[in-house]
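Below: the structure, in C-alpha coordinates.
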Amino acid sequence: VGSFNIENFFDDEVNSKDVDKETTYPKEVFQKRLNKASLAIRKVLSSPDVLGIIEAENLVVLKKLADKINADTVAEGKPNPNYQAFLEDGNDIRGIDSGFLVKTSKVKVIETKALGKDEKLVTTGAQDFEKLFDRPPFLLTAQVADAKSNQSFAFTVIVNHFKSYRGIDDPKDGDRVRNKRRLEAEWLAKFVEERAKANPNERLIICGDFNAFQFNDGYNDLIGILKGKSE
(Lines give C-alpha, C1' and ligand atoms only; values in the text may rest on other atoms or scores of the structure.)
Protein backbone atom coordinates (compact mmCIF):
# COMPACT_ATOMS: atom_id res chain seq x y z
CA VAL A 1 0.00 0.00 0.00
CA GLY A 2 1.32 3.41 -0.94
CA SER A 3 0.16 6.98 -1.54
CA PHE A 4 1.07 9.58 -4.15
CA ASN A 5 0.13 13.25 -4.48
CA ILE A 6 0.09 13.69 -8.26
CA GLU A 7 -0.39 17.47 -7.96
CA ASN A 8 -3.30 19.05 -9.85
CA PHE A 9 -3.78 16.08 -12.18
CA PHE A 10 -6.22 17.59 -14.68
CA ASP A 11 -6.68 16.25 -18.19
CA ASP A 12 -7.19 17.86 -21.62
CA GLU A 13 -10.99 17.55 -21.71
CA VAL A 14 -13.96 19.33 -20.18
CA ASN A 15 -15.44 16.62 -17.99
CA SER A 16 -15.70 17.94 -14.43
CA LYS A 17 -18.78 18.57 -12.31
CA ASP A 18 -18.05 22.32 -12.21
CA VAL A 19 -17.23 23.27 -15.79
CA ASP A 20 -16.91 26.99 -14.99
CA LYS A 21 -13.94 26.34 -12.70
CA GLU A 22 -12.41 23.44 -14.57
CA THR A 23 -8.73 23.43 -15.43
CA THR A 24 -7.61 21.77 -18.65
CA TYR A 25 -4.14 21.14 -20.05
CA PRO A 26 -3.08 21.00 -23.70
CA LYS A 27 -3.23 17.43 -24.97
CA GLU A 28 0.55 17.08 -25.29
CA VAL A 29 1.04 18.34 -21.72
CA PHE A 30 -1.46 15.86 -20.29
CA GLN A 31 0.11 12.99 -22.24
CA LYS A 32 3.52 13.87 -20.80
CA ARG A 33 2.05 13.96 -17.30
CA LEU A 34 0.37 10.59 -17.85
CA ASN A 35 3.68 9.12 -18.98
CA LYS A 36 5.60 10.56 -16.03
CA ALA A 37 3.00 9.39 -13.52
CA SER A 38 3.02 5.90 -15.02
CA LEU A 39 6.82 5.78 -14.85
CA ALA A 40 6.82 6.98 -11.24
CA ILE A 41 4.23 4.43 -10.13
CA ARG A 42 5.87 1.53 -11.95
CA LYS A 43 9.57 2.32 -11.51
CA VAL A 44 9.76 4.29 -8.26
CA LEU A 45 6.79 2.97 -6.26
CA SER A 46 7.12 -0.56 -7.71
CA SER A 47 3.45 -0.81 -8.69
CA PRO A 48 1.76 -1.04 -5.27
CA ASP A 49 -1.21 -3.35 -4.88
CA VAL A 50 -3.18 -0.37 -3.53
CA LEU A 51 -2.18 3.22 -4.22
CA GLY A 52 -3.91 6.17 -2.56
CA ILE A 53 -4.04 9.03 -5.05
CA ILE A 54 -4.21 12.69 -4.04
CA GLU A 55 -5.20 15.62 -6.29
CA ALA A 56 -6.84 13.81 -9.20
CA GLU A 57 -9.42 15.84 -11.10
CA ASN A 58 -12.11 13.17 -11.20
CA LEU A 59 -12.79 9.49 -11.82
CA VAL A 60 -12.49 9.90 -15.60
CA VAL A 61 -8.93 11.21 -15.29
CA LEU A 62 -7.92 8.56 -12.76
CA LYS A 63 -9.23 5.85 -15.10
CA LYS A 64 -7.02 7.27 -17.85
CA LEU A 65 -4.01 6.91 -15.54
CA ALA A 66 -4.99 3.33 -14.67
CA ASP A 67 -5.28 2.46 -18.37
CA LYS A 68 -1.89 4.03 -19.07
CA ILE A 69 -0.15 2.04 -16.33
CA ASN A 70 -1.79 -1.18 -17.49
CA ALA A 71 -0.78 -0.60 -21.12
CA ASP A 72 2.80 0.36 -20.21
CA THR A 73 3.17 -2.71 -18.00
CA VAL A 74 1.99 -5.03 -20.76
CA ALA A 75 4.27 -3.28 -23.27
CA GLU A 76 7.20 -4.29 -21.03
CA GLY A 77 6.19 -7.92 -21.40
CA LYS A 78 4.79 -8.18 -17.87
CA PRO A 79 1.33 -9.43 -16.81
CA ASN A 80 -1.45 -6.86 -16.85
CA PRO A 81 -1.92 -5.58 -13.27
CA ASN A 82 -5.45 -4.53 -14.25
CA TYR A 83 -5.38 -1.36 -12.16
CA GLN A 84 -8.87 0.01 -11.58
CA ALA A 85 -9.68 3.52 -10.42
CA PHE A 86 -11.94 4.44 -7.50
CA LEU A 87 -12.83 8.04 -6.65
CA GLU A 88 -15.75 10.11 -5.40
CA ASP A 89 -16.06 13.84 -6.01
CA GLY A 90 -15.45 15.93 -2.90
CA ASN A 91 -15.85 19.59 -1.95
CA ASP A 92 -12.64 21.21 -3.18
CA ILE A 93 -13.27 24.43 -5.12
CA ARG A 94 -10.50 23.53 -7.60
CA GLY A 95 -12.05 20.12 -8.19
CA ILE A 96 -9.18 17.97 -6.93
CA ASP A 97 -10.10 14.72 -5.20
CA SER A 98 -8.62 11.70 -3.46
CA GLY A 99 -9.04 8.16 -4.73
CA PHE A 100 -7.39 4.79 -5.24
CA LEU A 101 -5.68 2.79 -7.93
CA VAL A 102 -6.15 -0.89 -7.10
CA LYS A 103 -4.34 -3.81 -8.72
CA THR A 104 -7.45 -5.93 -9.23
CA SER A 105 -5.42 -8.81 -10.64
CA LYS A 106 -4.55 -9.45 -6.99
CA VAL A 107 -6.88 -7.38 -4.81
CA LYS A 108 -10.65 -7.73 -4.51
CA VAL A 109 -12.39 -4.45 -3.65
CA ILE A 110 -15.25 -4.82 -1.18
CA GLU A 111 -16.26 -1.21 -0.60
CA THR A 112 -15.22 2.39 -1.25
CA LYS A 113 -16.82 5.50 0.25
CA ALA A 114 -16.11 9.10 1.16
CA LEU A 115 -16.05 9.93 4.87
CA GLY A 116 -17.33 13.13 6.48
CA LYS A 117 -18.20 14.69 3.13
CA ASP A 118 -21.14 16.66 4.53
CA GLU A 119 -19.62 17.56 7.91
CA LYS A 120 -19.81 21.32 8.52
CA LEU A 121 -16.88 23.36 9.79
CA VAL A 122 -17.85 24.81 13.15
CA THR A 123 -15.25 27.33 14.27
CA THR A 124 -14.66 31.07 14.45
CA GLY A 125 -14.60 32.66 11.01
CA ALA A 126 -16.19 29.72 9.17
CA GLN A 127 -18.82 30.39 6.53
CA ASP A 128 -22.31 28.99 7.13
CA PHE A 129 -21.92 26.66 4.13
CA GLU A 130 -18.28 25.70 4.74
CA LYS A 131 -17.48 22.01 4.96
CA LEU A 132 -14.94 20.53 7.36
CA PHE A 133 -13.21 18.63 4.55
CA ASP A 134 -12.45 20.12 1.15
CA ARG A 135 -11.05 16.71 0.23
CA PRO A 136 -12.93 14.16 2.35
CA PRO A 137 -11.08 11.05 3.55
CA PHE A 138 -11.73 8.18 1.15
CA LEU A 139 -12.05 4.65 2.50
CA LEU A 140 -11.35 1.36 0.78
CA THR A 141 -12.02 -2.10 2.18
CA ALA A 142 -10.49 -4.99 0.27
CA GLN A 143 -9.06 -8.47 0.52
CA VAL A 144 -6.41 -10.63 -1.07
CA ALA A 145 -6.14 -14.40 -1.18
CA ASP A 146 -3.56 -15.95 1.13
CA ALA A 147 -2.05 -18.83 -0.85
CA LYS A 148 -0.65 -20.52 2.27
CA SER A 149 -3.82 -20.61 4.34
CA ASN A 150 -6.27 -20.57 1.42
CA GLN A 151 -8.13 -17.79 3.23
CA SER A 152 -8.74 -14.15 2.40
CA PHE A 153 -6.61 -11.42 3.98
CA ALA A 154 -8.85 -8.43 4.62
CA PHE A 155 -7.62 -4.87 5.12
CA THR A 156 -8.82 -1.27 5.06
CA VAL A 157 -7.10 1.87 3.78
CA ILE A 158 -8.11 5.52 4.22
CA VAL A 159 -6.42 8.07 1.95
CA ASN A 160 -6.41 11.67 3.17
CA HIS A 161 -5.61 15.19 2.07
CA PHE A 162 -5.82 17.64 4.97
CA LYS A 163 -6.07 21.40 4.56
CA SER A 164 -2.82 23.08 3.57
CA TYR A 165 -0.88 25.78 5.44
CA ARG A 166 -2.21 28.49 3.13
CA GLY A 167 -3.41 31.45 5.20
CA ILE A 168 -2.20 30.00 8.50
CA ASP A 169 -0.45 33.26 9.50
CA ASP A 170 -3.11 35.57 8.09
CA PRO A 171 -4.18 38.08 10.80
CA LYS A 172 -7.84 37.70 9.85
CA ASP A 173 -8.09 34.10 8.70
CA GLY A 174 -5.29 32.33 10.57
CA ASP A 175 -7.46 31.08 13.42
CA ARG A 176 -9.92 29.48 11.01
CA VAL A 177 -7.13 27.78 9.07
CA ARG A 178 -5.42 26.42 12.17
CA ASN A 179 -8.68 25.22 13.68
CA LYS A 180 -9.83 23.61 10.45
CA ARG A 181 -6.60 21.62 10.20
CA ARG A 182 -6.91 20.54 13.84
CA LEU A 183 -10.59 19.64 13.54
CA GLU A 184 -9.92 17.53 10.43
CA ALA A 185 -7.30 15.53 12.32
CA GLU A 186 -9.55 15.17 15.36
CA TRP A 187 -12.48 13.97 13.23
CA LEU A 188 -10.34 11.32 11.54
CA ALA A 189 -8.76 10.25 14.84
CA LYS A 190 -12.21 9.80 16.39
CA PHE A 191 -13.44 7.85 13.36
CA VAL A 192 -10.45 5.50 13.52
CA GLU A 193 -10.80 5.09 17.29
CA GLU A 194 -14.47 4.15 17.04
CA ARG A 195 -13.82 1.80 14.15
CA ALA A 196 -11.03 0.09 16.09
CA LYS A 197 -13.33 -0.37 19.08
CA ALA A 198 -16.00 -1.89 16.86
CA ASN A 199 -13.50 -4.26 15.23
CA PRO A 200 -10.18 -4.50 17.10
CA ASN A 201 -8.86 -7.03 14.56
CA GLU A 202 -9.32 -4.82 11.51
CA ARG A 203 -6.08 -4.12 9.64
CA LEU A 204 -6.38 -0.37 9.06
CA ILE A 205 -3.88 1.83 7.20
CA ILE A 206 -4.05 5.64 7.18
CA CYS A 207 -2.15 7.27 4.33
CA GLY A 208 -2.06 10.35 2.11
CA ASP A 209 -0.98 13.98 2.25
CA PHE A 210 -1.59 15.30 5.75
CA ASN A 211 0.07 18.66 5.00
CA ALA A 212 1.91 18.21 8.27
CA PHE A 213 5.28 17.31 9.71
CA GLN A 214 5.81 14.26 11.90
CA PHE A 215 6.23 16.61 14.88
CA ASN A 216 4.42 19.62 16.34
CA ASP A 217 5.18 22.52 14.01
CA GLY A 218 4.13 25.21 16.46
CA TYR A 219 0.69 25.57 14.88
CA ASN A 220 -0.74 22.06 15.17
CA ASP A 221 0.40 18.52 15.87
CA LEU A 222 -1.79 16.74 13.35
CA ILE A 223 0.17 13.48 13.30
CA GLY A 224 0.28 13.47 17.08
CA ILE A 225 -3.51 13.82 17.13
CA LEU A 226 -3.88 10.88 14.75
CA LYS A 227 -1.55 8.77 16.91
CA GLY A 228 -3.38 9.74 20.10
CA LYS A 229 -0.28 11.47 21.48
CA SER A 230 -1.48 15.06 21.30
CA GLU A 231 -4.59 17.07 22.08
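Residue numbering restarts at 1 for every chain of the C-alpha coordinates, chains are lettered A, B, ... in their displayed order, and ligands are numbered from 1 as they appear.
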Report as a PDB file with all heavy atoms, in the first residue's frame all protein, DNA and RNA residues lying within 9 Å of Ser230 of chain A, evaluated on only C-alpha atoms, omitting residues in the same chain fewer than 6 positions from it.
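Dumped to result_23.pdb:
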ATOM      1  N   ASN A 216       5.174  18.386  16.145  1.00  0.00           N
ATOM      2  CA  ASN A 216       4.418  19.616  16.342  1.00  0.00           C
ATOM      3  C   ASN A 216       5.172  20.767  15.681  1.00  0.00           C
ATOM      4  O   ASN A 216       6.329  21.032  15.996  1.00  0.00           O
ATOM      5  CB  ASN A 216       4.259  19.880  17.842  1.00  0.00           C
ATOM      6  CG  ASN A 216       3.289  21.006  18.128  1.00  0.00           C
ATOM      7  OD1 ASN A 216       3.195  21.977  17.390  1.00  0.00           O
ATOM      8  ND2 ASN A 216       2.572  20.876  19.226  1.00  0.00           N
ATOM      9  N   ASP A 221      -0.307  19.809  15.877  1.00  0.00           N
ATOM     10  CA  ASP A 221       0.396  18.525  15.874  1.00  0.00           C
ATOM     11  C   ASP A 221      -0.561  17.489  15.295  1.00  0.00           C
ATOM     12  O   ASP A 221      -1.108  16.654  16.004  1.00  0.00           O
ATOM     13  CB  ASP A 221       0.824  18.147  17.294  1.00  0.00           C
ATOM     14  CG  ASP A 221       1.695  16.895  17.324  1.00  0.00           C
ATOM     15  OD1 ASP A 221       2.108  16.435  16.241  1.00  0.00           O
ATOM     16  OD2 ASP A 221       1.947  16.383  18.427  1.00  0.00           O
ATOM     17  N   LEU A 222      -0.773  17.573  13.977  1.00  0.00           N
ATOM     18  CA  LEU A 222      -1.791  16.742  13.350  1.00  0.00           C
ATOM     19  C   LEU A 222      -1.468  15.260  13.439  1.00  0.00           C
ATOM     20  O   LEU A 222      -2.358  14.439  13.686  1.00  0.00           O
ATOM     21  CB  LEU A 222      -1.963  17.152  11.885  1.00  0.00           C
ATOM     22  CG  LEU A 222      -2.304  18.633  11.621  1.00  0.00           C
ATOM     23  CD1 LEU A 222      -2.622  18.841  10.157  1.00  0.00           C
ATOM     24  CD2 LEU A 222      -3.462  19.087  12.492  1.00  0.00           C
ATOM     25  N   ILE A 223      -0.213  14.902  13.229  1.00  0.00           N
ATOM     26  CA  ILE A 223       0.170  13.484  13.298  1.00  0.00           C
ATOM     27  C   ILE A 223       0.070  12.992  14.721  1.00  0.00           C
ATOM     28  O   ILE A 223      -0.360  11.856  14.978  1.00  0.00           O
ATOM     29  CB  ILE A 223       1.594  13.277  12.740  1.00  0.00           C
ATOM     30  CG1 ILE A 223       1.688  13.803  11.302  1.00  0.00           C
ATOM     31  CG2 ILE A 223       1.973  11.802  12.797  1.00  0.00           C
ATOM     32  CD1 ILE A 223       0.687  13.173  10.339  1.00  0.00           C
ATOM     33  N   GLY A 224       0.439  13.832  15.668  1.00  0.00           N
ATOM     34  CA  GLY A 224       0.277  13.469  17.079  1.00  0.00           C
ATOM     35  C   GLY A 224      -1.174  13.210  17.431  1.00  0.00           C
ATOM     36  O   GLY A 224      -1.484  12.277  18.191  1.00  0.00           O
TER      37      GLY A 224
END
Please provide as a PDB file with N, CA, C and O atoms, in the first residue's frame all residues within 8 Å of segment 201-206 of chain A, with the sequence filter that same-chain residues fewer than 4 positions apart are discarded (counting only C-alpha atoms).
ATOM      1  N   ALA A 154      -8.090  -9.663   4.747  1.00  0.00           N
ATOM      2  CA  ALA A 154      -8.853  -8.428   4.623  1.00  0.00           C
ATOM      3  C   ALA A 154      -8.086  -7.247   5.208  1.00  0.00           C
ATOM      4  O   ALA A 154      -7.345  -7.398   6.196  1.00  0.00           O
ATOM      5  N   PHE A 155      -8.273  -6.077   4.617  1.00  0.00           N
ATOM      6  CA  PHE A 155      -7.625  -4.871   5.122  1.00  0.00           C
ATOM      7  C   PHE A 155      -8.414  -3.644   4.673  1.00  0.00           C
ATOM      8  O   PHE A 155      -9.239  -3.704   3.757  1.00  0.00           O
ATOM      9  N   THR A 156      -8.136  -2.533   5.339  1.00  0.00           N
ATOM     10  CA  THR A 156      -8.815  -1.265   5.064  1.00  0.00           C
ATOM     11  C   THR A 156      -7.783  -0.162   4.932  1.00  0.00           C
ATOM     12  O   THR A 156      -6.803  -0.132   5.682  1.00  0.00           O
ATOM     13  N   VAL A 157      -7.999   0.734   3.980  1.00  0.00           N
ATOM     14  CA  VAL A 157      -7.098   1.872   3.779  1.00  0.00           C
ATOM     15  C   VAL A 157      -7.937   3.144   3.701  1.00  0.00           C
ATOM     16  O   VAL A 157      -8.996   3.157   3.066  1.00  0.00           O
ATOM     17  N   ILE A 158      -7.468   4.199   4.341  1.00  0.00           N
ATOM     18  CA  ILE A 158      -8.106   5.516   4.224  1.00  0.00           C
ATOM     19  C   ILE A 158      -7.065   6.489   3.688  1.00  0.00           C
ATOM     20  O   ILE A 158      -6.023   6.703   4.322  1.00  0.00           O
ATOM     21  N   VAL A 159      -7.325   7.077   2.526  1.00  0.00           N
ATOM     22  CA  VAL A 159      -6.417   8.066   1.950  1.00  0.00           C
ATOM     23  C   VAL A 159      -6.950   9.459   2.297  1.00  0.00           C
ATOM     24  O   VAL A 159      -8.154   9.709   2.272  1.00  0.00           O
ATOM     25  N   ASN A 160      -6.031  10.366   2.645  1.00  0.00           N
ATOM     26  CA  ASN A 160      -6.409  11.674   3.168  1.00  0.00           C
ATOM     27  C   ASN A 160      -5.662  12.805   2.473  1.00  0.00           C
ATOM     28  O   ASN A 160      -4.571  12.609   1.928  1.00  0.00           O
ATOM     29  N   ALA A 196     -11.892   1.076  15.429  1.00  0.00           N
ATOM     30  CA  ALA A 196     -11.034   0.090  16.087  1.00  0.00           C
ATOM     31  C   ALA A 196     -11.744  -0.566  17.268  1.00  0.00           C
ATOM     32  O   ALA A 196     -11.559  -1.755  17.537  1.00  0.00           O
TER      33      ALA A 196
END
- What separation in Å, quoted to one decimal, exists between atom CA of Asp209 of chain A and atom CA of Glu7 of chain A? 10.8 Å
- Item | Residues near Asn70 of chain A, cut-off 12 Å, only C-alpha atoms, skip fewer than 3 positions along chain, as a ChimeraX atom specification | /A:34-35,38-39,41-42,47,63-67,73-85,101-105
- Can you list, as an MDAnalysis selection string, all residues belonging to segment 91-211 of chain A that DSSP tags as helix (DSSP H, G or I)? chainID A and resid 174:198
- Task: List every residue of segment 86-156 of chain A that DSSP, applied to the backbone of this structure, places in strand (DSSP E), and write the result as a ChimeraX atom specification.
- Result: /A:86-87,97-103,107-114,138-146,151-156
Find the residues of segment 36-119 of chain A that sit at most 7 Å from segment 140-145 of chain A; for each, write down the nearest two atoms and how far apart they are in Å, to one decimal. Count only C-alpha atoms. Sort by chain, then by number going up, and give it as a tab-separated table.
residue	atom	partner	partner_atom	distance
A:Lys106	CA	A:Val144	CA	6.3
A:Val107	CA	A:Val144	CA	5.0
A:Lys108	CA	A:Gln143	CA	5.3
A:Val109	CA	A:Ala142	CA	4.4
A:Ile110	CA	A:Ala142	CA	5.0
A:Glu111	CA	A:Thr141	CA	5.2
A:Thr112	CA	A:Leu140	CA	4.5
A:Lys113	CA	A:Leu140	CA	6.9
Sorted per-residue table, segment 67-155 of chain A near segment 169-191 of chain A, closest atoms and distance, 9 Å, only C-alpha atoms, as a tab-separated table:
residue	atom	partner	partner_atom	distance
A:Leu115	CA	A:Leu188	CA	8.9
A:Gly116	CA	A:Trp187	CA	8.4
A:Leu121	CA	A:Lys180	CA	7.1
A:Val122	CA	A:Lys180	CA	8.6
A:Thr123	CA	A:Arg176	CA	6.6
A:Thr124	CA	A:Arg176	CA	6.1
A:Gly125	CA	A:Arg176	CA	5.7
A:Ala126	CA	A:Arg176	CA	6.5
A:Leu132	CA	A:Glu184	CA	6.6
A:Phe133	CA	A:Glu184	CA	6.8
A:Pro137	CA	A:Leu188	CA	8.0
Keeping only N, CA, C and O atoms, write the selected residues to a file as a JSON list (two decimals), in the first residue's frame.
[["chain", "number", "residue", "atom", "x", "y", "z"],
["A", 115, "LEU", "N", -15.73, 9.78, 3.45],
["A", 115, "LEU", "CA", -16.05, 9.93, 4.87],
["A", 115, "LEU", "C", -16.18, 11.42, 5.21],
["A", 115, "LEU", "O", -15.36, 12.23, 4.79],
["A", 116, "GLY", "N", -17.19, 11.76, 5.98],
["A", 116, "GLY", "CA", -17.33, 13.13, 6.48],
["A", 116, "GLY", "C", -17.55, 14.17, 5.41],
["A", 116, "GLY", "O", -17.28, 15.36, 5.64],
["A", 121, "LEU", "N", -17.95, 22.80, 8.97],
["A", 121, "LEU", "CA", -16.88, 23.36, 9.79],
["A", 121, "LEU", "C", -17.49, 24.30, 10.81],
["A", 121, "LEU", "O", -18.14, 25.29, 10.44],
["A", 122, "VAL", "N", -17.32, 23.98, 12.07],
["A", 122, "VAL", "CA", -17.85, 24.81, 13.15],
["A", 122, "VAL", "C", -16.68, 25.40, 13.93],
["A", 122, "VAL", "O", -16.07, 24.75, 14.78],
["A", 123, "THR", "N", -16.34, 26.64, 13.59],
["A", 123, "THR", "CA", -15.25, 27.33, 14.27],
["A", 123, "THR", "C", -15.34, 28.81, 13.95],
["A", 123, "THR", "O", -16.06, 29.22, 13.02],
["A", 124, "THR", "N", -14.64, 29.62, 14.67],
["A", 124, "THR", "CA", -14.66, 31.07, 14.45],
["A", 124, "THR", "C", -14.19, 31.41, 13.04],
["A", 124, "THR", "O", -13.16, 30.92, 12.59],
["A", 125, "GLY", "N", -14.98, 32.22, 12.34],
["A", 125, "GLY", "CA", -14.60, 32.66, 11.01],
["A", 125, "GLY", "C", -15.10, 31.77, 9.89],
["A", 125, "GLY", "O", -14.94, 32.12, 8.71],
["A", 126, "ALA", "N", -15.71, 30.63, 10.21],
["A", 126, "ALA", "CA", -16.19, 29.72, 9.17],
["A", 126, "ALA", "C", -17.46, 30.26, 8.54],
["A", 126, "ALA", "O", -18.29, 30.89, 9.20],
["A", 132, "LEU", "N", -16.16, 20.84, 6.61],
["A", 132, "LEU", "CA", -14.94, 20.53, 7.36],
["A", 132, "LEU", "C", -13.85, 20.06, 6.42],
["A", 132, "LEU", "O", -12.69, 20.50, 6.52],
["A", 133, "PHE", "N", -14.20, 19.19, 5.47],
["A", 133, "PHE", "CA", -13.21, 18.63, 4.55],
["A", 133, "PHE", "C", -13.44, 19.16, 3.13],
["A", 133, "PHE", "O", -14.52, 18.98, 2.56],
["A", 137, "PRO", "N", -11.77, 12.35, 3.51],
["A", 137, "PRO", "CA", -11.08, 11.05, 3.55],
["A", 137, "PRO", "C", -11.84, 10.03, 2.71],
["A", 137, "PRO", "O", -13.08, 10.04, 2.70]]
- For Asn5 of chain A, the closest of A:Ile96, A:Val60, A:Val29, A:Val50 counting only C-alpha atoms is A:Ile96
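Between atom CA of Phe10 of chain A and atom CA of Phe129 of chain A the interatomic distance comes to 26.1 Å.
Distance-wise, atom CA of Gly52 of chain A and atom CA of Phe138 of chain A end up 8.9 Å apart.
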